[in-house]
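Q: I have a structure I would like to understand better, so I am pasting it below and will then ask my questions one at a time.
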Amino acid sequence: MRFLTMILAAVAMCSCAGNHAEADFGKVIPLPERIEMTGEGEFTLRRGASVVFDGGNQDMARNAGFLRDYLKSDIGLELRLRPDGNRDNSIVLEQDTLIAEEGYRIDVCENGIVIAGGSPKGVFYGIQTLRKAVPAQDGKCSEVTFPCGKVAASPRFAYRGMHSDVVRHWFPEDYMKKYIDLMAFHGMNILHWHLSDDQGWRIEIKRFPELTEIGSYRDGTMVGRDTSVFDGVPVSGYFTQDEIREVVKYAADRYITVIPEIDIPGHMMAALHCFPQLGCTGGPYEVSKIWGVMPDILCAGNEDTFTFLEGVFSEICEMFPSGYIHIGGDEAPRVRWEACPKCQARIKAEGLRDDASSSAEAKLQSYFMTRVEEFLKTKGRRVIGWDEILEGGVSQSATIMSWRGVDGGLEAARRGHDVIMTPCQYMYFDYYQTDDFENEPMAMTGYVPLEKVYSFEPMLPEMTAEERSHILGVQANLWAEYISTPEHAFYMALPRMAALSEVQWLRPEHKDWNSFEERLQSFVKFYDRDGYRYHPLAAASGQE
Ligand code: ACM
Ligand code: ZN
């Protein structure tokens, strides 16, 4: 069965017969929810045809440029840009207020194609669908035939995220741009960027140059899993503020918002190495060469901790225009707080007490996170935190990212918080994607095959309509403990991002694993064409 599918895929790859390609909207991922072909007539797009758009609208002009550039690099077909020009023999880009903001409609008739969107963002997704309808080619194509008909879609979820960890291993700006291109290709709109952790600090903060001068460097990494052997290979690298702004703009041009994460109060060893006075014991601390959860975290009783964080987050807000700032909150053991006179004094001063549901130290974390949240509110920002922040009570306005499963998300929605679902059992792309662990490159322990990703349903049966209204969307995470090169990162992300895109875009009644698996056979040829490594077996038909 798998062999047959591979032959069919090989045949599909050769579809540019005589420099002519046939577009097929039925092969696209994420699949448009409406595809109605008239069954007769077609439009043939040839070199010299135009892209027509509202020349007075910057976003639409950028969209037109993207469409032209995509078709040129995808299949070598050159189109002309014609602001406000004649609509014949062209692809017209336009806005239509009757369409949902991120939705699009593609109308193909014999005179040309219209891509209409509820906003320039919707038009952009229509452009992505159009280019994905054209099969990957071996060579250049001088013409593409589109069958007449209508195609339409709008995403199920407003939050369609992918996460990137550039701390455990360093990935440069060029990689981030490729990652963003891939996200745009899959219809995603949020990049959650994990920029600081125990193993390094990767974003320039001008007030505290030590963070990157010293904190971005570690002199080795644990070999294998849970050993005390180190490879002695230095890992360093960080983004300057100019580079950050460049990445944020590159993403914004593609309708992707970058949400930065500075993880507090735990996962802070790199910062503590630079500023040991901000830890409960005073250190010394080293930038971690091991993975896992460290007992040393920021001291919650020391006012200097908050002065430091306000300085860091002020600059973060200057670099990132996102409505949300992610402040972490996961895996923060409270053992040091239990023994620290300053933290205990804070507990007393704030009147925090153990009760049946949480310890005084858990409430101290709530105090800590809420204090930073209040500061970020003064900058007009909202916060996201990992699901641990529910433990000691959390401010109503915090959005919860449910990672240890879906229970945190359910509990948060019950308490009236907005929720992003990223349960590790379905959405951790650093876990193995086949069960042949011995022959896979080492990965985080856990098994998330493609079909499991595809099967994820964030609306739990027990959720009420009110609770469901709090589920903003779904995200997958790509932690980089065991991923040190861009090629390996793409190998882990692909083709699972394709499955994620259908979780994010399609209503459950439109999801169909068998159809997805079949479409994937030709879809992965785009990855080949664009030089993205992917997992070939996970993408082949017949995997469990
Ligand atoms: C996490 O994976 N520690 C959020
Ligand atoms: Zn302390």
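Identifiers in this document derive from the order of the structure tokens: chains are assigned A, B, ..., residues are numbered from 1 separately in each chain, and ligands are numbered from 1 in order of occurrence.
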Counting only C-alpha atoms and all ligand atoms, which residues of chain A sit at most 6 Å from some atom of ligand 2, and what is each one's closest atom pair with its distance in Å to one decimal, listed by chain and rising residue number, as a Markdown table?

A:
| residue | atom | partner | partner_atom_place_in_ligand_line | distance |
| --- | --- | --- | --- | --- |
| A:Cys280 | CA | ligand 2 | 1 (Zn) | 3.8 |
| A:Cys299 | CA | ligand 2 | 1 (Zn) | 3.6 |
| A:Ala300 | CA | ligand 2 | 1 (Zn) | 5.2 |
| A:Gly301 | CA | ligand 2 | 1 (Zn) | 5.1 |
| A:Trp337 | CA | ligand 2 | 1 (Zn) | 4.9 |
| A:Cys340 | CA | ligand 2 | 1 (Zn) | 4.6 |
| A:Lys342 | CA | ligand 2 | 1 (Zn) | 5.1 |
| A:Cys343 | CA | ligand 2 | 1 (Zn) | 4.2 |

Q: List as a ChimeraX atom specification the protein and nucleic acid residues lying within 7 Å of ligand 1, with only C-alpha atoms and all ligand atoms counted.

A: /A:330-331,386,403

Q: Going by DSSP on the backbone, which bits of segment 303-523 of chain A are strand (DSSP E)? Write them as a PyMOL selection string, please.

A: chain A and resi 324-328+382-386+399-402+419-421+431-432+444-447+471-476

Q: Take the selection from the previous step and output its residues with C-alpha atoms, as a PDB file, in the first residue's frame.

A:
ATOM      1  CA  TYR A 324       0.699  39.363  24.366  1.00  0.00           C
ATOM      2  CA  ILE A 325       3.969  38.852  26.189  1.00  0.00           C
ATOM      3  CA  HIS A 326       4.701  35.298  27.397  1.00  0.00           C
ATOM      4  CA  ILE A 327       6.107  35.253  30.927  1.00  0.00           C
ATOM      5  CA  GLY A 328       6.589  31.509  31.313  1.00  0.00           C
ATOM      6  CA  ARG A 382      -1.563  41.020  28.261  1.00  0.00           C
ATOM      7  CA  VAL A 383       0.333  38.008  29.520  1.00  0.00           C
ATOM      8  CA  ILE A 384       0.420  34.329  28.656  1.00  0.00           C
ATOM      9  CA  GLY A 385       1.756  31.795  31.172  1.00  0.00           C
ATOM     10  CA  TRP A 386       2.251  28.025  31.201  1.00  0.00           C
ATOM     11  CA  THR A 399      -4.094  33.600  29.259  1.00  0.00           C
ATOM     12  CA  ILE A 400      -3.094  30.031  30.007  1.00  0.00           C
ATOM     13  CA  MET A 401      -0.998  27.831  27.759  1.00  0.00           C
ATOM     14  CA  SER A 402      -1.910  24.237  28.562  1.00  0.00           C
ATOM     15  CA  VAL A 419      -6.587  29.233  26.756  1.00  0.00           C
ATOM     16  CA  ILE A 420      -4.090  28.099  24.159  1.00  0.00           C
ATOM     17  CA  MET A 421      -3.868  24.343  23.830  1.00  0.00           C
ATOM     18  CA  TYR A 431       9.176  14.087  20.748  1.00  0.00           C
ATOM     19  CA  TYR A 432       9.819  11.123  18.451  1.00  0.00           C
ATOM     20  CA  MET A 444      12.926  14.129  23.910  1.00  0.00           C
ATOM     21  CA  THR A 445      11.321  11.013  25.379  1.00  0.00           C
ATOM     22  CA  GLY A 446       7.795  10.838  24.078  1.00  0.00           C
ATOM     23  CA  TYR A 447       6.049   9.667  20.936  1.00  0.00           C
ATOM     24  CA  ILE A 471     -10.158  28.293  23.582  1.00  0.00           C
ATOM     25  CA  LEU A 472      -8.230  30.700  21.382  1.00  0.00           C
ATOM     26  CA  GLY A 473      -6.411  28.031  19.452  1.00  0.00           C
ATOM     27  CA  VAL A 474      -3.676  25.466  19.179  1.00  0.00           C
ATOM     28  CA  GLN A 475       0.115  25.599  19.019  1.00  0.00           C
ATOM     29  CA  ALA A 476       2.938  23.084  18.646  1.00  0.00           C
TER      30      ALA A 476
END

Q: Using only C-alpha atoms, which protein or nucleic acid residues come within 9 Å of segment 103-113 of chain A? Drop anything in the same chain fewer than 2 positions from it, and give the result as a ChimeraX atom specification.

A: /A:37,41-45,87-93,95-96,99-101,115-119,121-127,129-130,146-155

Q: For Ser73 of chain A, list every protein, DNA or RNA residue within 10 Å, evaluated using only C-alpha atoms, and leave out those in the same chain fewer than 3 positions away; present the list as a ChimeraX atom specification.

A: /A:68-70,76-78,140,529-530

Q: Could those residues be written to a file, using N, CA and C atoms, as a PDB file, in the first residue's frame?

A:
ATOM      1  N   ARG A  68       3.543  37.356  -6.925  1.00  0.00           N
ATOM      2  CA  ARG A  68       4.467  37.337  -8.068  1.00  0.00           C
ATOM      3  C   ARG A  68       5.749  36.561  -7.703  1.00  0.00           C
ATOM      4  N   ASP A  69       6.313  36.858  -6.535  1.00  0.00           N
ATOM      5  CA  ASP A  69       7.580  36.208  -6.160  1.00  0.00           C
ATOM      6  C   ASP A  69       7.406  34.700  -5.959  1.00  0.00           C
ATOM      7  N   TYR A  70       6.269  34.308  -5.354  1.00  0.00           N
ATOM      8  CA  TYR A  70       6.040  32.873  -5.130  1.00  0.00           C
ATOM      9  C   TYR A  70       5.981  32.130  -6.467  1.00  0.00           C
ATOM     10  N   GLY A  76       8.725  29.253 -11.740  1.00  0.00           N
ATOM     11  CA  GLY A  76       9.427  30.008 -12.789  1.00  0.00           C
ATOM     12  C   GLY A  76       8.505  30.796 -13.698  1.00  0.00           C
ATOM     13  N   LEU A  77       7.278  31.040 -13.248  1.00  0.00           N
ATOM     14  CA  LEU A  77       6.317  31.774 -14.081  1.00  0.00           C
ATOM     15  C   LEU A  77       6.335  33.250 -13.684  1.00  0.00           C
ATOM     16  N   GLU A  78       6.545  34.120 -14.675  1.00  0.00           N
ATOM     17  CA  GLU A  78       6.674  35.546 -14.363  1.00  0.00           C
ATOM     18  C   GLU A  78       5.373  36.283 -14.634  1.00  0.00           C
ATOM     19  N   LYS A 140      10.827  24.438 -14.853  1.00  0.00           N
ATOM     20  CA  LYS A 140       9.992  25.634 -14.978  1.00  0.00           C
ATOM     21  C   LYS A 140       8.696  25.289 -15.701  1.00  0.00           C
ATOM     22  N   ARG A 529      11.189  20.633  -2.845  1.00  0.00           N
ATOM     23  CA  ARG A 529      11.489  21.740  -3.756  1.00  0.00           C
ATOM     24  C   ARG A 529      12.150  22.904  -3.028  1.00  0.00           C
ATOM     25  N   ASP A 530      11.616  23.221  -1.833  1.00  0.00           N
ATOM     26  CA  ASP A 530      12.085  24.417  -1.128  1.00  0.00           C
ATOM     27  C   ASP A 530      13.249  24.131  -0.177  1.00  0.00           C
TER      28      ASP A 530
END

Q: DSSP on the backbone: which residues in segment 411-512 of chain A end up as alpha helix (DSSP H)? Give the answer as a CSV table (one decimal) with all heavy atoms, in the first residue's frame.

A:
chain,number,residue,atom,x,y,z
A,411,GLU,N,-9.4,23.4,33.1
A,411,GLU,CA,-9.5,24.1,34.4
A,411,GLU,C,-9.5,25.7,34.2
A,411,GLU,O,-10.3,26.4,34.8
A,411,GLU,CB,-8.3,23.7,35.3
A,411,GLU,CG,-8.2,24.4,36.7
A,411,GLU,CD,-9.4,24.1,37.6
A,411,GLU,OE1,-10.1,23.1,37.4
A,411,GLU,OE2,-9.7,25.0,38.4
A,412,ALA,N,-8.6,26.1,33.4
A,412,ALA,CA,-8.4,27.5,33.1
A,412,ALA,C,-9.7,28.1,32.5
A,412,ALA,O,-10.2,29.1,32.8
A,412,ALA,CB,-7.2,27.8,32.2
A,413,ALA,N,-10.2,27.3,31.5
A,413,ALA,CA,-11.5,27.8,30.8
A,413,ALA,C,-12.6,27.8,31.8
A,413,ALA,O,-13.5,28.7,31.8
A,413,ALA,CB,-11.8,26.9,29.6
A,414,ARG,N,-12.6,26.8,32.7
A,414,ARG,CA,-13.7,26.8,33.7
A,414,ARG,C,-13.6,28.1,34.6
A,414,ARG,O,-14.6,28.6,35.1
A,414,ARG,CB,-13.6,25.6,34.6
A,414,ARG,CG,-14.0,24.4,33.8
A,414,ARG,CD,-14.4,23.2,34.7
A,414,ARG,NE,-15.1,22.2,33.9
A,414,ARG,CZ,-14.9,20.9,33.9
A,414,ARG,NH1,-14.1,20.4,34.8
A,414,ARG,NH2,-15.6,20.1,33.1
A,424,CYS,N,1.5,18.3,25.5
A,424,CYS,CA,2.7,17.7,25.1
A,424,CYS,C,2.4,16.3,24.4
A,424,CYS,O,3.1,15.9,23.5
A,424,CYS,CB,3.7,17.5,26.2
A,424,CYS,SG,3.1,16.6,27.6
A,425,GLN,N,1.3,15.7,24.8
A,425,GLN,CA,1.0,14.4,24.2
A,425,GLN,C,0.7,14.5,22.7
A,425,GLN,O,0.7,13.4,22.0
A,425,GLN,CB,-0.2,13.7,25.0
A,425,GLN,CG,0.1,13.5,26.5
A,425,GLN,CD,-0.2,14.7,27.3
A,425,GLN,OE1,-0.4,15.8,26.8
A,425,GLN,NE2,-0.2,14.5,28.6
A,426,TYR,N,0.3,15.6,22.3
A,426,TYR,CA,-0.1,15.8,20.9
A,426,TYR,C,0.8,16.8,20.2
A,426,TYR,O,0.9,16.8,18.9
A,426,TYR,CB,-1.5,16.3,20.8
A,426,TYR,CG,-2.6,15.4,21.3
A,426,TYR,CD1,-2.9,15.3,22.6
A,426,TYR,CD2,-3.3,14.5,20.4
A,426,TYR,CE1,-3.9,14.5,23.1
A,426,TYR,CE2,-4.2,13.7,20.8
A,426,TYR,CZ,-4.6,13.7,22.2
A,426,TYR,OH,-5.5,12.8,22.6
A,427,MET,N,1.3,17.8,20.9
A,427,MET,CA,1.8,19.0,20.3
A,427,MET,C,3.3,19.3,20.6
A,427,MET,O,3.7,20.4,20.3
A,427,MET,CB,1.0,20.2,20.7
A,427,MET,CG,-0.4,20.2,20.1
A,427,MET,SD,-0.3,20.4,18.3
A,427,MET,CE,-1.8,19.5,17.8
A,450,LEU,N,2.5,11.4,13.5
A,450,LEU,CA,1.7,12.4,12.7
A,450,LEU,C,0.2,12.3,12.9
A,450,LEU,O,-0.5,13.3,13.1
A,450,LEU,CB,2.0,12.1,11.2
A,450,LEU,CG,1.5,13.1,10.2
A,450,LEU,CD1,2.2,14.4,10.4
A,450,LEU,CD2,1.8,12.6,8.8
A,451,GLU,N,-0.3,11.0,13.0
A,451,GLU,CA,-1.8,10.8,13.1
A,451,GLU,C,-2.3,11.3,14.5
A,451,GLU,O,-3.4,11.8,14.6
A,451,GLU,CB,-2.1,9.4,12.9
A,451,GLU,CG,-3.6,9.1,12.8
A,451,GLU,CD,-4.0,7.8,12.3
A,451,GLU,OE1,-3.1,6.9,12.1
A,451,GLU,OE2,-5.2,7.5,12.2
A,452,LYS,N,-1.4,11.2,15.4
A,452,LYS,CA,-1.8,11.7,16.8
A,452,LYS,C,-1.9,13.3,16.7
A,452,LYS,O,-2.9,13.8,17.3
A,452,LYS,CB,-0.7,11.3,17.8
A,452,LYS,CG,-1.0,11.7,19.2
A,452,LYS,CD,-1.1,10.5,20.1
A,452,LYS,CE,-1.7,10.8,21.4
A,452,LYS,NZ,-0.8,10.6,22.5
A,453,VAL,N,-1.0,13.9,16.1
A,453,VAL,CA,-1.1,15.4,15.9
A,453,VAL,C,-2.4,15.7,15.2
A,453,VAL,O,-3.2,16.5,15.7
A,453,VAL,CB,0.1,16.0,15.0
A,453,VAL,CG1,-0.1,17.5,14.8
A,453,VAL,CG2,1.4,15.6,15.7
A,454,TYR,N,-2.7,15.0,14.1
A,454,TYR,CA,-3.9,15.2,13.3
A,454,TYR,C,-5.2,15.0,14.2
A,454,TYR,O,-6.2,15.7,14.0
A,454,TYR,CB,-3.9,14.3,12.1
A,454,TYR,CG,-4.9,14.8,11.1
A,454,TYR,CD1,-4.5,15.8,10.1
A,454,TYR,CD2,-6.2,14.3,11.0
A,454,TYR,CE1,-5.4,16.3,9.2
A,454,TYR,CE2,-7.1,14.8,10.1
A,454,TYR,CZ,-6.7,15.8,9.2
A,454,TYR,OH,-7.6,16.3,8.3
A,455,SER,N,-5.1,14.1,15.1
A,455,SER,CA,-6.3,13.7,15.8
A,455,SER,C,-6.7,14.7,16.9
A,455,SER,O,-7.7,14.6,17.5
A,455,SER,CB,-6.2,12.3,16.4
A,455,SER,OG,-5.3,12.4,17.5
A,465,ALA,N,-20.4,25.6,26.3
A,465,ALA,CA,-20.2,26.6,25.2
A,465,ALA,C,-19.4,27.8,25.7
A,465,ALA,O,-18.5,28.3,25.0
A,465,ALA,CB,-21.6,27.1,24.7
A,466,GLU,N,-19.7,28.2,26.9
A,466,GLU,CA,-18.9,29.3,27.5
A,466,GLU,C,-17.4,29.0,27.6
A,466,GLU,O,-16.6,29.8,27.3
A,466,GLU,CB,-19.5,29.7,28.9
A,466,GLU,CG,-18.7,30.5,29.8
A,466,GLU,CD,-18.5,32.0,29.3
A,466,GLU,OE1,-19.3,32.4,28.4
A,466,GLU,OE2,-17.6,32.6,29.8
A,467,GLU,N,-17.2,27.8,28.1
A,467,GLU,CA,-15.8,27.4,28.2
A,467,GLU,C,-15.1,27.3,26.9
A,467,GLU,O,-13.9,27.7,26.7
A,467,GLU,CB,-15.7,26.0,29.0
A,467,GLU,CG,-16.0,26.2,30.5
A,467,GLU,CD,-16.5,24.9,31.2
A,467,GLU,OE1,-16.4,23.8,30.5
A,467,GLU,OE2,-16.9,25.0,32.3
A,468,ARG,N,-15.8,26.8,25.9
A,468,ARG,CA,-15.2,26.7,24.5
A,468,ARG,C,-14.9,28.0,24.0
A,468,ARG,O,-13.9,28.1,23.2
A,468,ARG,CB,-16.3,26.0,23.6
A,468,ARG,CG,-16.3,24.5,23.9
A,468,ARG,CD,-17.5,23.8,23.2
A,468,ARG,NE,-17.5,22.5,23.7
A,468,ARG,CZ,-17.5,21.3,23.0
A,468,ARG,NH1,-17.6,21.4,21.7
A,468,ARG,NH2,-17.6,20.2,23.6
A,486,PRO,N,19.5,23.6,11.9
A,486,PRO,CA,18.2,23.9,11.2
A,486,PRO,C,17.7,22.6,10.5
A,486,PRO,O,16.4,22.4,10.5
A,486,PRO,CB,18.6,24.9,10.1
A,486,PRO,CG,19.8,25.6,10.8
A,486,PRO,CD,20.5,24.6,11.5
A,487,GLU,N,18.5,21.8,9.9
A,487,GLU,CA,18.0,20.6,9.1
A,487,GLU,C,17.3,19.7,10.1
A,487,GLU,O,16.2,19.2,9.8
A,487,GLU,CB,19.2,19.9,8.5
A,487,GLU,CG,19.9,20.6,7.4
A,487,GLU,CD,20.7,21.8,7.9
A,487,GLU,OE1,21.2,21.7,9.0
A,487,GLU,OE2,20.8,22.8,7.1
A,488,HIS,N,17.8,19.5,11.3
A,488,HIS,CA,17.2,18.7,12.2
A,488,HIS,C,15.9,19.3,12.8
A,488,HIS,O,14.9,18.6,13.0
A,488,HIS,CB,18.2,18.4,13.4
A,488,HIS,CG,17.7,17.3,14.3
A,488,HIS,ND1,18.3,17.0,15.5
A,488,HIS,CD2,16.6,16.4,14.2
A,488,HIS,CE1,17.7,16.0,16.1
A,488,HIS,NE2,16.6,15.6,15.4
A,489,ALA,N,15.9,20.6,12.9
A,489,ALA,CA,14.7,21.3,13.4
A,489,ALA,C,13.5,21.0,12.4
A,489,ALA,O,12.4,20.7,12.7
A,489,ALA,CB,14.9,22.7,13.6
A,490,PHE,N,13.9,21.2,11.1
A,490,PHE,CA,12.8,21.0,10.1
A,490,PHE,C,12.4,19.5,10.0
A,490,PHE,O,11.2,19.2,9.8
A,490,PHE,CB,13.3,21.5,8.7
A,490,PHE,CG,13.5,23.0,8.7
A,490,PHE,CD1,14.7,23.6,8.2
A,490,PHE,CD2,12.5,23.8,9.1
A,490,PHE,CE1,14.9,24.9,8.2
A,490,PHE,CE2,12.7,25.2,9.1
A,490,PHE,CZ,13.8,25.8,8.7
A,491,TYR,N,13.3,18.6,10.2
A,491,TYR,CA,13.0,17.2,10.2
A,491,TYR,C,12.0,16.9,11.3
A,491,TYR,O,11.1,16.1,11.1
A,491,TYR,CB,14.3,16.4,10.4
A,491,TYR,CG,14.2,15.0,10.6
A,491,TYR,CD1,14.2,14.1,9.5
A,491,TYR,CD2,14.2,14.4,11.9
A,491,TYR,CE1,14.2,12.7,9.7
A,491,TYR,CE2,14.2,13.0,12.1
A,491,TYR,CZ,14.1,12.2,11.0
A,491,TYR,OH,14.1,10.8,11.2
A,492,MET,N,12.2,17.5,12.5
A,492,MET,CA,11.2,17.3,13.6
A,492,MET,C,9.9,18.0,13.3
A,492,MET,O,8.8,17.5,13.7
A,492,MET,CB,11.8,17.8,14.9
A,492,MET,CG,13.1,17.1,15.3
A,492,MET,SD,13.0,15.3,15.4
A,492,MET,CE,12.1,15.1,17.0
A,493,ALA,N,9.9,19.2,12.7
A,493,ALA,CA,8.7,19.9,12.5
A,493,ALA,C,7.8,19.4,11.4
A,493,ALA,O,6.6,19.5,11.4
A,493,ALA,CB,9.0,21.4,12.3
A,496,ARG,N,4.9,17.3,10.6
A,496,ARG,CA,3.8,17.4,11.6
A,496,ARG,C,3.2,18.8,11.5
A,496,ARG,O,2.0,19.0,11.9
A,496,ARG,CB,4.5,17.2,13.0
A,496,ARG,CG,4.7,15.7,13.2
A,496,ARG,CD,5.2,15.3,14.6
A,496,ARG,NE,6.6,15.7,14.8
A,496,ARG,CZ,7.3,15.2,15.9
A,496,ARG,NH1,6.7,14.3,16.7
A,496,ARG,NH2,8.5,15.5,16.0
A,497,MET,N,3.9,19.8,11.0
A,497,MET,CA,3.3,21.1,10.9
A,497,MET,C,2.1,21.1,9.9
A,497,MET,O,1.1,21.8,10.1
A,497,MET,CB,4.3,22.2,10.3
A,497,MET,CG,5.0,22.9,11.4
A,497,MET,SD,6.3,23.9,10.7
A,497,MET,CE,5.4,25.4,10.4
A,498,ALA,N,2.1,20.2,9.0
A,498,ALA,CA,1.0,20.0,8.0
A,498,ALA,C,-0.2,19.5,8.7
A,498,ALA,O,-1.3,20.0,8.5
A,498,ALA,CB,1.4,19.1,6.9
A,499,ALA,N,0.0,18.5,9.6
A,499,ALA,CA,-1.1,18.0,10.4
A,499,ALA,C,-1.7,19.1,11.3
A,499,ALA,O,-2.9,19.3,11.4
A,499,ALA,CB,-0.7,16.8,11.2
A,500,LEU,N,-0.8,19.8,11.9
A,500,LEU,CA,-1.2,20.9,12.8
A,500,LEU,C,-2.0,21.9,12.1
A,500,LEU,O,-3.0,22.4,12.6
A,500,LEU,CB,0.0,21.5,13.5
A,500,LEU,CG,-0.2,22.8,14.3
A,500,LEU,CD1,-1.1,22.5,15.5
A,500,LEU,CD2,1.1,23.4,14.7
A,501,SER,N,-1.6,22.2,10.9
A,501,SER,CA,-2.4,23.3,10.1
A,501,SER,C,-3.8,22.9,9.9
A,501,SER,O,-4.7,23.7,9.9
A,501,SER,CB,-1.7,23.6,8.8
A,501,SER,OG,-2.0,22.6,7.8
A,502,GLU,N,-4.1,21.6,9.8
A,502,GLU,CA,-5.5,21.2,9.6
A,502,GLU,C,-6.2,21.2,10.9
A,502,GLU,O,-7.4,21.5,11.0
A,502,GLU,CB,-5.6,19.8,8.9
A,502,GLU,CG,-5.1,20.0,7.4
A,502,GLU,CD,-5.8,19.2,6.3
A,502,GLU,OE1,-6.6,18.3,6.6
A,502,GLU,OE2,-5.7,19.6,5.2
A,503,VAL,N,-5.5,21.0,12.0
A,503,VAL,CA,-6.2,21.1,13.4
A,503,VAL,C,-6.5,22.6,13.6
A,503,VAL,O,-7.6,22.9,14.1
A,503,VAL,CB,-5.2,20.7,14.5
A,503,VAL,CG1,-5.8,20.9,15.9
A,503,VAL,CG2,-4.8,19.2,14.3
A,504,GLN,N,-5.7,23.5,13.1
A,504,GLN,CA,-5.9,24.9,13.3
A,504,GLN,C,-6.9,25.5,12.4
A,504,GLN,O,-7.7,26.4,12.7
A,504,GLN,CB,-4.6,25.7,13.1
A,504,GLN,CG,-3.5,25.3,14.2
A,504,GLN,CD,-2.2,25.9,13.9
A,504,GLN,OE1,-1.8,26.0,12.7
A,504,GLN,NE2,-1.4,26.2,14.9
A,505,TRP,N,-7.0,25.0,11.2
A,505,TRP,CA,-7.9,25.6,10.2
A,505,TRP,C,-9.3,24.9,10.0
A,505,TRP,O,-10.3,25.5,9.7
A,505,TRP,CB,-7.2,25.6,8.8
A,505,TRP,CG,-6.4,26.8,8.5
A,505,TRP,CD1,-5.2,27.1,9.1
A,505,TRP,CD2,-6.8,27.9,7.8
A,505,TRP,NE1,-4.8,28.3,8.6
A,505,TRP,CE2,-5.7,28.9,7.8
A,505,TRP,CE3,-7.9,28.3,7.0
A,505,TRP,CZ2,-5.7,30.1,7.2
A,505,TRP,CZ3,-7.9,29.5,6.3
A,505,TRP,CH2,-6.9,30.4,6.5

Q: With distances taken over only C-alpha atoms, which residue among A:Trp201, A:Ile264, A:Pro333, A:Thr378 lies nearest Pro295 of chain A?

A: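 Using only C-alpha atoms, the shortest distance to Pro295 of chain A belongs to A:Pro333.
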
Q: Between A:Val233, A:Ile316, A:Ala270, A:Leu195, which one has atoms that come closest to Ser484 of chain A, using only C-alpha atoms?

A: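 Counting only C-alpha atoms, the residue closest to Ser484 of chain A is A:Val233.
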
Q: Record the distance separating atom CA of Tyr250 of chain A and atom CA of Met60 of chain A, expressed in Å with one decimal.

A: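 Answer for the atom CA of Tyr250 of chain A to atom CA of Met60 of chain A separation: 15.9 Å.
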
Q: Which residue out of A:Leu364, A:Leu478, A:Cys141, A:Ile347 has the minimum interatomic distance to Leu298 of chain A when only C-alpha atoms are used?

A: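 Once distances to Leu298 of chain A are computed over only C-alpha atoms, the minimum belongs to A:Leu364.
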